[in-house]
Amino acid sequence: MNTVSYELNDALIAFSTAVDEGDLKGACAMLERLELTGETEAMWEKLSQLALEREDILTAERCFGAVGNVAKARYLRKVNNLAQSVERETGVPGTGYAHFTVQSKLAVLNGQLARAEQLLLQQGLVEETMEMYQELHKWEQSIAVAESRQHPEVQTLKANYLQWLTETGQEEKAAELKEREGDLVFAVRLFLKGGLPARAAAVVQRYEDREQFQPALLETVASALFQYGMYEKAGLFFEKLGDAQRAMDAYRKGSAFGRAVELSRRAFQGRDVVELEEMWGDYLVSHKNADAAVNHFTEAGAYLKAIQAAIDCRQWAKAAQIVETLPPAEAKPYYNRIAKHYESTRSFDEAERFYLRAGLPQDAVEMYSKANKWELAHRVATEHMTQAEVAMLYITQAHRLEAASKFKDAERLYVMVHEPDLAINMYKKNRRYEDMIRLVTSYRKDLLTETHLHLAQQLETEGSFKLAEKHYVEASDWGSAVNMYRANDMWDDAIRVAKAHGGVNASKKVAYAWAVSLGGEAGAKLLTKFGLIDQAIDYATESGAFEHAFTLANASKTDKLAEVHLKYAMYLEDEGRFEEAEAEFLKADKPREAIDMYTHQQDWASATRVAETADHASLPDVFCAQAKALVERNEFTKAEALYVRAKKPELAVEAYKAASRWNDAQRIAKEFLPHKVAELAAEHGAFLRGDATRGATSDDALLGPAKKHEEGREFGRAIDAYLKVTVERARSHELCEGAWDKAVQLAMNHVPARIAEVINTVSKRLVEIGKHDQAAELYEGIDQHREAIDIYMAGGLWDQARSLARSAVPGYAKEVEARYKEHLKGAGNAVDLVQGGNVSEGLEAYAQRGEWDRALELAQQSGGPMLVKYATLHGAALISRGEFAAAAALFGKYGVATQPQALSMYRRVVRELLVAGEPDGGGMGKQPLLGMRSMLHKVVAALQAAGDAGGAHEFDTLLWVGHLAAAKEVAVERGAPDAQRKLGIGLLRFVKDIPADQAFYEAGMACKASNDLNSAFVLLNRYLDITEAVEDNEPSSTVLDNADFADTAIPADFPLPEVQFLDEAKREQASPNPRLHRPGSRVACPAAVTTTLCCHDRRSRPHTPHTARSLSAARHCHICCPHPTPHVLLLAQVRDYVLELSMNKSVQQSLDTAELDHVFRQLDQIRESMRGGRGGGGGDELYTIVRDTVSQVS
């Protein structure tokens, strides 16, 4: 239950209570104590109404005064005063308000005028009643009272009322008053005066039967009607006046065409009826009443307007009926609209009939295509369109269907015009790969494998691995599918594919690779799972999973058990667990390995124990090793005993000799080696004489003083003596190393203050003899890690340097890594860079070494941007060597960049190849300029993707130029001279982008081959002008006369080439253009084209202003002379040929601009159709050649 509280208003409660009790004065008194607000004002209003109803006039007056209604308050004050005066006159209190005068006043206040009139007339107060109405400006009621009481002043009252109406501008009421009185003429005049001619005309028409109106009055009414725009009524009055012409003018102006037609027939013998009917129709159309206008247009013979009106109001049958009566030229614009209507109502037969009559068979085909009536569409197309038009129409329609996702219908159209490649590309763009493969299988079976591979690679990039696998397998390249799964850590799938298509062995290889990637025991278990026991055991030991290795060996491969024990022992040795390692060495039957382990650790007791128990033959080696260690500690007595025990007294002699203890050496020799005594005595004598030129004597001479100081415990002097052993004085580096090592040991053991000094000196000397590792280890021993790292790096010991930096000097590690990368790059060690994860540095190394194939292969694995970068670098290198065709092929294969520098490079490639062409390997023959066009195709796509509309337009133009140049070569190969001519002319629009001299020369030669001598003359003459301007080093064509090309789309201002496209030798000595005039070309031999007139027969050379500059340099011709090649005119031959044409009266020496425009439109239409837009086509041959050329790329 919800409770709502309201604040109680005591004043409102008190007011309501007083009103309910009828205490109006109390309510008034209560309201007087309150402020005037919206709420209290409403209370005053309510109280005033109650007071009037109860005739409490005083209270009502107070209420109206409180709310500011002064008029009613004053009126009630008068009523109160009147009531009081009545009471004084009668002397009866309380009777004043019941008096008739008071009641009449109250009735007026309440708007009860009839009651007030009744009260006053009952008392015979006619004058007062009339005054009451007059005070309220109700003159008509006042006059009515006067007339009803036969008041003598009735006429005066009426006159006053009429005067008042006219003075206050109420002519309409005055006129109505006069009309009621029967004064019609005065009423008409008043209506006219009040600007109400229609009311005046109505009075005339209403009373014309019983009253004759003067013609002047009628003339006035008619003029007023005409002036106020009431033309039809004005016309009627003019007719009454007998003025037919003015009536006709009024009817025309008022669009009263029905009355105008009747009047014309009646008064003018119908001579204006046709015009009026057409005007009537126009009027109805302007007022959206086209339906009614049709008949009027038909009556007027305005059939075009009638058709338009019928179409606007959708009276198609009537429109078709009228159209049938028109001449075809006039009806043609309407056939299309009527046809579209019938198409919308699915009346296809009628729609087809009108489309064909409109000359729009393509629209009929499109209609049937939308309705899926392909047979009817094909019938119309084949009966009424050329093959090229059918092809372009179907292709355009197919593009629309493709955009609407109606792929099957689009495919059907593509196939019908023998363009399966477009259907294939459609399915590719829309990722309908099954349909794509179906069409490739049917129409391009030779490309099936390549298509599968391309799709597989694309799907792999997109992460659709199952589909990619399917296409790899279809392409018989299941290995790529395996690698794909391996790269994405999908090993189960990789093994599945390998086993299904490569057999068990292939799957085992994949399994092993998987194990390697897993590492540890997991990898070994995986190999076991696949039955690869040997590999599993090896892998387990290599990865430290020895427990698993022992389990595998014991269970399945006992012959490998010893090998596992050995590897485990070596592992334990590295871990410092020597006793366990000893046990494993013995289990592996390798006691010598255990002995070597203890020997290395100088654990002589353990080494001796193992030798005595497991390998007695190794015991002497243990003794010798122990003795050597004792010698190094100067414990010669113990060492001597061990050498003797090992039966190696000669080693004891050598030890004593090295220590310059010749007496002990002689003693041992006499006791154990008597045959060495004499030799030893000789060596001792040489030592004493200082003869150290050879053998051990020289070594002793160098080391003797140091050893004496050492034996005398003069360690500082001993260090200095050892350091005196230098490379220059010693016979070998080994001796130097031993002496320097002793100096370091003495410093570390006995003279700590000199440790840094000695190590610094020794390290420098070790570096000098190439012992970087030892030098660095010395610095490591005293914790000078940075110096050690620098020495490692200086010696090329990068693994040690990097390892030490990471473990000891992390802050230095980054610099070490950077220097390591620089080292690898400088050394060209790309393999190590890549294996180390430094792919970009590895790519740089490959690039620096010129190994571009490996660089691009690696870049492909790294992604698009990296691939484009190194393709660009490789392309730049090729361009610098002049290998433009190879650069274009490279860009077409690997991709392009959109940076300004790269775009400039592509422009240069295009310029060079348009002049020189591509060699046989670059796309000559059936696919000319293929590399360049493939490159441009990718450039356009990249610029569009980057949102660079201007750049995309520029390179799209260059791509089209490339297509036209290539199509021209195809035309030459196919023996199509007319197509060659049109393509040559089409290229002239792009002389800002291609060499102008070449363009005009080749276009002129093509016209010459097609016997278009007029164009050949103008174009070859232009070529001659350009060659001379180039020789004069002119930068642009502005110096040339452009009169011949003023009304054409061929640019007038274009840059001139810096050099001739045919050099001097080629221009003067008959060397052909290597691209456009290769062997097999059908360009006519100059001797065959020219007339029999030769330079030897010319008696004079005419001067023609049109060719004055070119002809002035004409030379002796070679037409009648042997020419080395029949495929190109020499410069001199061109001059003579142009001169000869200038003397041929049948040659007009001007361009056919209409033909030129026709050629340009044909090529534009073909270009639009290639883009998928609406466009007409040229001839079948030209369209086919361009289409085949473009399809080589796109």
# chains A, B, ... in the order shown; residues from 1 in each chain; ligands from 1
>>> residues_around(residues="region 788-791 of chain A", least_positions_apart="5", cutoff="10 Å", atoms="only C-alpha atoms", output="mmCIF file with N, CA and C atoms, in the first residue's frame")
data_model
loop_
_atom_site.group_PDB
_atom_site.id
_atom_site.type_symbol
_atom_site.label_atom_id
_atom_site.label_comp_id
_atom_site.auth_asym_id
_atom_site.auth_seq_id
_atom_site.Cartn_x
_atom_site.Cartn_y
_atom_site.Cartn_z
ATOM 1 N N SER A 763 98.503 -10.829 -21.649
ATOM 2 C CA SER A 763 97.342 -10.888 -22.552
ATOM 3 C C SER A 763 97.649 -10.211 -23.876
ATOM 4 N N LYS A 764 98.317 -9.048 -23.819
ATOM 5 C CA LYS A 764 98.655 -8.362 -25.063
ATOM 6 C C LYS A 764 99.556 -9.216 -25.933
ATOM 7 N N VAL A 767 97.621 -12.043 -27.502
ATOM 8 C CA VAL A 767 96.834 -11.546 -28.630
ATOM 9 C C VAL A 767 97.721 -11.385 -29.856
ATOM 10 N N LYS A 771 96.577 -15.959 -29.720
ATOM 11 C CA LYS A 771 96.003 -16.786 -28.657
ATOM 12 C C LYS A 771 94.947 -15.966 -27.895
ATOM 13 N N HIS A 772 93.933 -15.588 -28.626
ATOM 14 C CA HIS A 772 92.902 -14.719 -28.022
ATOM 15 C C HIS A 772 92.145 -15.414 -26.899
ATOM 16 N N ASP A 773 91.885 -16.698 -27.086
ATOM 17 C CA ASP A 773 91.115 -17.403 -26.065
ATOM 18 C C ASP A 773 91.856 -17.428 -24.747
ATOM 19 N N GLN A 774 93.184 -17.693 -24.770
ATOM 20 C CA GLN A 774 93.961 -17.734 -23.538
ATOM 21 C C GLN A 774 94.053 -16.344 -22.917
ATOM 22 N N ALA A 775 94.241 -15.326 -23.768
ATOM 23 C CA ALA A 775 94.327 -13.957 -23.250
ATOM 24 C C ALA A 775 93.033 -13.557 -22.553
ATOM 25 N N ALA A 776 91.910 -13.898 -23.179
ATOM 26 C CA ALA A 776 90.622 -13.556 -22.577
ATOM 27 C C ALA A 776 90.403 -14.308 -21.273
ATOM 28 N N GLU A 777 90.820 -15.569 -21.219
ATOM 29 C CA GLU A 777 90.638 -16.346 -19.989
ATOM 30 C C GLU A 777 91.419 -15.734 -18.832
ATOM 31 N N LEU A 778 92.600 -15.164 -19.129
ATOM 32 C CA LEU A 778 93.358 -14.497 -18.070
ATOM 33 C C LEU A 778 92.562 -13.337 -17.487
ATOM 34 N N TYR A 779 91.964 -12.511 -18.369
ATOM 35 C CA TYR A 779 91.153 -11.406 -17.873
ATOM 36 C C TYR A 779 89.929 -11.914 -17.107
ATOM 37 N N GLU A 780 89.362 -12.989 -17.594
ATOM 38 C CA GLU A 780 88.225 -13.565 -16.863
ATOM 39 C C GLU A 780 88.638 -13.964 -15.460
ATOM 40 N N GLY A 781 89.873 -14.516 -15.341
ATOM 41 C CA GLY A 781 90.339 -14.973 -14.023
ATOM 42 C C GLY A 781 90.425 -13.871 -13.001
ATOM 43 N N ILE A 782 90.566 -12.631 -13.435
ATOM 44 C CA ILE A 782 90.630 -11.510 -12.482
ATOM 45 C C ILE A 782 89.385 -10.631 -12.593
ATOM 46 N N ASP A 783 88.337 -11.208 -13.180
ATOM 47 C CA ASP A 783 87.020 -10.542 -13.254
ATOM 48 C C ASP A 783 87.032 -9.257 -14.075
ATOM 49 N N GLY A 796 87.451 -13.115 -32.944
ATOM 50 C CA GLY A 796 86.385 -13.795 -33.673
ATOM 51 C C GLY A 796 85.729 -14.913 -32.880
ATOM 52 N N LEU A 797 85.940 -14.924 -31.564
ATOM 53 C CA LEU A 797 85.346 -15.952 -30.707
ATOM 54 C C LEU A 797 84.005 -15.421 -30.192
ATOM 55 N N TRP A 798 83.083 -15.340 -31.091
ATOM 56 C CA TRP A 798 81.825 -14.653 -30.782
ATOM 57 C C TRP A 798 80.937 -15.433 -29.822
ATOM 58 N N GLN A 800 81.931 -17.295 -27.294
ATOM 59 C CA GLN A 800 82.428 -17.039 -25.944
ATOM 60 C C GLN A 800 82.115 -15.607 -25.519
ATOM 61 N N ALA A 801 82.298 -14.659 -26.439
ATOM 62 C CA ALA A 801 82.031 -13.262 -26.102
ATOM 63 C C ALA A 801 80.564 -13.045 -25.741
ATOM 64 N N ARG A 802 79.661 -13.602 -26.540
ATOM 65 C CA ARG A 802 78.232 -13.417 -26.275
ATOM 66 C C ARG A 802 77.813 -14.100 -24.984
ATOM 67 N N SER A 803 78.355 -15.319 -24.758
ATOM 68 C CA SER A 803 78.011 -16.053 -23.541
ATOM 69 C C SER A 803 78.490 -15.312 -22.306
ATOM 70 N N LEU A 804 79.724 -14.821 -22.350
ATOM 71 C CA LEU A 804 80.266 -14.108 -21.201
ATOM 72 C C LEU A 804 79.508 -12.802 -20.965
ATOM 73 N N ALA A 805 79.151 -12.121 -22.026
ATOM 74 C CA ALA A 805 78.417 -10.863 -21.866
ATOM 75 C C ALA A 805 77.062 -11.105 -21.215
ATOM 76 N N ALA A 808 77.933 -12.310 -17.394
ATOM 77 C CA ALA A 808 78.729 -11.491 -16.487
ATOM 78 C C ALA A 808 78.495 -9.996 -16.648
ATOM 79 N N VAL A 809 78.255 -9.538 -17.877
ATOM 80 C CA VAL A 809 78.084 -8.096 -18.107
ATOM 81 C C VAL A 809 76.816 -7.879 -18.935
ATOM 82 N N TYR A 812 76.407 -4.950 -21.245
ATOM 83 C CA TYR A 812 77.282 -4.901 -22.416
ATOM 84 C C TYR A 812 76.798 -5.857 -23.510
ATOM 85 N N ALA A 813 75.816 -6.694 -23.139
ATOM 86 C CA ALA A 813 75.375 -7.758 -24.058
ATOM 87 C C ALA A 813 74.766 -7.178 -25.331
ATOM 88 N N VAL A 816 77.420 -6.095 -27.660
ATOM 89 C CA VAL A 816 78.107 -7.275 -28.215
ATOM 90 C C VAL A 816 77.280 -7.889 -29.334
#
>>> residues_around(residues="region 657-664 of chain A", least_positions_apart="4", cutoff="8 Å", atoms="only C-alpha atoms", output="number ranges by chain")
A: 653, 668, 684, 700, 704, 707
>>> residues_around(residues="Leu236 (chain A)", least_positions_apart="3", cutoff="12 Å", atoms="only C-alpha atoms", output="count of residues only")
33
>>> atom_distance(atom1="CA of Ala1003 (chain A)", atom2="CA of Ile985 (chain A)")
5.5 Å
>>> residues_around(residues="region 61-65 of chain A", least_positions_apart="4", cutoff="8 Å", atoms="only C-alpha atoms", output="JSON, numbers by chain")
{"A": [28, 44, 45, 47, 48, 57, 69, 70, 72, 73, 74, 76, 77]}
>>> residues_around(residues="Thr551 (chain A)", least_positions_apart="4", cutoff="12 Å", atoms="only C-alpha atoms", output="VMD selection string")
chain A and resid 521 524 to 525 528 533 536 to 537 540 to 541 545 to 547 555 to 558 560 to 561 564 to 565
>>> residues_around(residues="Ile994 (chain A)", least_positions_apart="4", cutoff="12 Å", atoms="only C-alpha atoms", output="ChimeraX atom specification")
/A:907-916,957-962,964-965,987-990,998-1000,1054-1057,1061
